[in-house]
Amino acid sequence: MIRISRTFKLALLLAPLMFAGVTSAQNCPEKDATPPTTPLAYPLASDQYSVQYQIDGSGWMPAMVFISYYGQTTGSPQRNGVPYVTGPTSMSFVSIPAHANAIVQLRVTKLATGRFQFSDNVTVRPTPILANVQTERDGTVQISTRTAGNFNGEQFILMWNHGTDGGGIEGLAFYLNPPYTRPNGTNVKVVTSWADLQGFANDPNLLNYNTLDFESSSSAPLPVPIQLGGDGSRAYKVPANIVNVFFGPSAWVRGKLQFNKVTPTTYVYGPGVLDGSQFSYLNRDCDGTEDGIYALSSLDQFGKLTNFNVNGIILTDLNHAANDPFYSSAINNVKVLGWNSNNAALRLNDSTTASNIFIRSSDDSLMFWGSPVTVTNATVWQGYNGGVISLGWSDNSVGDGNLVDGLWVVKTDWVTPTVQSWDAVSQPGPPKPVNGQNDGVIASLMIPSTSYGKNSPPVFRNIYVEDTPQVLFSIKIVPPINCTPDTCVATFLTKNSSLVQLKIENLFSPQSVIKNSIGFETVPAGFIANATDTTSIFPTDYILTGKMNIELTNVWIKLPFGLALPLTNSFTADWLGKITTNGNVHVNYNLGPPLFW
């Protein structure tokens, strides 16, 4: 069997055919969700699936399958107006050790609702990995694939349909991990409980350590969680002399990590879990609280995680975003799960790369807010809110030299917006809903004075969208969602123009449900930019100014009846791609040979 890259496979498939949700400090706690009466405590063994695996025909081995339930922890309570249902909506996940050029075989048994049936149409996503999937007579499913020669982590999900059940409700994710070597030596502090860290703080030999090794003890069949702060609701301040933090294969750490960085490079690695489920989602935007920080955060005065190498870990059940912005960092084989709005995933800033990552998030998944930022081989299950790729929410996203090469959108759960709109949605005062305009595979809520891709337009290529998206493109310049005294005035909106330049290449997607938007919002007559400034009332409609140059090359749209057509000047974009523009927008439609790089 020859393993070829997802990028090459995508070409084969095509050939024939500022801050995400950021708000200012709010009155706390918020009241947009209902915490469970009896929250669950993780880890939990999945009651939906069991998994066995073998590598290179070595014999079947049992794998530990964990589960996270929406709405059943304080970190992810039932939120008002959300399409998910507490109880059946869950995400199971399993980590499998592998290596390059390995033949990986998986056997899945469905536990809760009877065995798999042939009519369930069981598949694996992303489709371009071309895994072999067989439903057996005994009701199990067997999956076969092979890791690549440059394997450094791979993730995919099981998809199946059976009435109201299915892989879209009871999700199962497979995480194939490369080998991770456990640290050893006299400079390593092994942590199996909170007591180890408490003693560490008072250890006179503190400076002799440079490594923390999290290793949960076993209480069959589950690991015993290490609870930071004693109850798992604290952010542990990692001592400045620690340059390595290792999460062992069995490690389950409840809490968050804060870094007081003075070292050249900090390594956070290993296949274990950092679990944020014990924090309060309702307090996520409260300044100065443990709940209001991210799973990986910085004590730096500018809130930056600089020179980090993060590899292998699972960040699960976030009550807020996964991380403070990474600068000059490398992220690989990281997995992120966040159920609710504002539980965003990866914030990627200047000179940062991310590769072989898996995200299930109900806020912005990949936040391209710096320059340059490179993402390769990203698998995303986008929740009911947010952009798969977020270009920005302010005017500080530069975008020059940014690259996406291999984005696999395995599922999207958006239900809004239900209609396209070019009317400005923000008003002065507390932040208002954005009416789903931040939803889309590529989305922007950047504001006037933006200059995105001016010197080196970003290239987003080899993008494969599995299901019909509500919106494919929502690339807009809008009035500020988060008002400041300087930006929420008419002079700011009328005097500042914007430039957006972007290249999208080798994209396949079903036709979107509603029209896609590329352009500048219209400030409607009567719009009040600033309630205390009568000169900031707009007497007539006003289209925000600037210019957009968007190149679409090898964009294929699959129509509802199954035919896929290339999006070119020969077809009306409003019919095939459902793309409409507003303001000074130039879209070039090109069709060329399949792209292999």
# chains A, B, ... in the order shown; residues from 1 in each chain; ligands from 1

$ residues_around --residues "range 440-452 of chain A" --least-positions-apart "4" --cutoff "6 Å" --atoms "only C-alpha atoms" --output "list in words"
Gly387, Val388, Ile389, Ser390, Leu391, Gly392, Trp393, Ser394, Asp395, Val398, Gly399, Val471, Leu472, Phe473, Ser474, Ile475, Lys476, Ile477, Val478, Pro479, Pro480, Asn496, Ser497, Ser498, Leu499 and Val500 of chain A

$ closest_residue --among "A:Val409, A:Ile557, A:Val459, A:Cys28" --to "Asp287 in chain A" --atoms "only C-alpha atoms"
A:Cys28

$ atom_distance --atom1 "CA of Pro178 in chain A" --atom2 "CA of Thr147 in chain A"
9.9 Å

$ closest_residue --among "A:Gly185, A:Pro264, A:Gly81, A:Pro271" --to "Ala251 in chain A" --atoms "only C-alpha atoms"
A:Pro271

$ residues_around --residues "Tyr84 in chain A" --least-positions-apart "5" --cutoff "12 Å" --atoms "only C-alpha atoms" --output "list of chain:residue names"
A:Tyr69, A:Tyr70, A:Gly71, A:Gln72, A:Ser76, A:Pro77, A:Gln78, A:Arg79, A:Thr89, A:Ser90, A:Gly168, A:Ile169, A:Glu170, A:Trp339, A:Asn340, A:Ser341, A:Ser362, A:Gly383, A:Tyr384, A:Asn385, A:Asp413, A:Trp414, A:Val415

$ write_last_selection --atoms "C-alpha atoms" --output "short mmCIF file (atom, residue, chain, number, x, y, z; two decimals), in the first residue's frame"
data_model
loop_
_atom_site.label_atom_id
_atom_site.label_comp_id
_atom_site.auth_asym_id
_atom_site.auth_seq_id
_atom_site.Cartn_x
_atom_site.Cartn_y
_atom_site.Cartn_z
CA TYR A 69 -20.78 15.41 26.81
CA TYR A 70 -22.13 18.78 25.76
CA GLY A 71 -23.99 20.70 28.48
CA GLN A 72 -22.95 18.53 31.42
CA SER A 76 -19.71 23.68 28.77
CA PRO A 77 -23.21 24.17 30.19
CA GLN A 78 -26.39 24.16 28.15
CA ARG A 79 -26.39 27.52 26.37
CA THR A 89 -24.54 15.27 21.93
CA SER A 90 -21.12 13.90 22.74
CA GLY A 168 -22.72 13.82 13.75
CA ILE A 169 -24.33 13.56 17.20
CA GLU A 170 -22.24 10.91 18.91
CA TRP A 339 -18.43 23.16 22.93
CA ASN A 340 -19.84 26.66 23.34
CA SER A 341 -19.63 30.10 21.79
CA SER A 362 -18.01 26.43 18.47
CA GLY A 383 -19.66 24.09 15.74
CA TYR A 384 -22.74 26.27 15.56
CA ASN A 385 -20.79 29.54 15.69
CA ASP A 413 -23.05 22.78 12.54
CA TRP A 414 -24.06 26.36 11.66
CA VAL A 415 -27.75 27.23 11.55
#
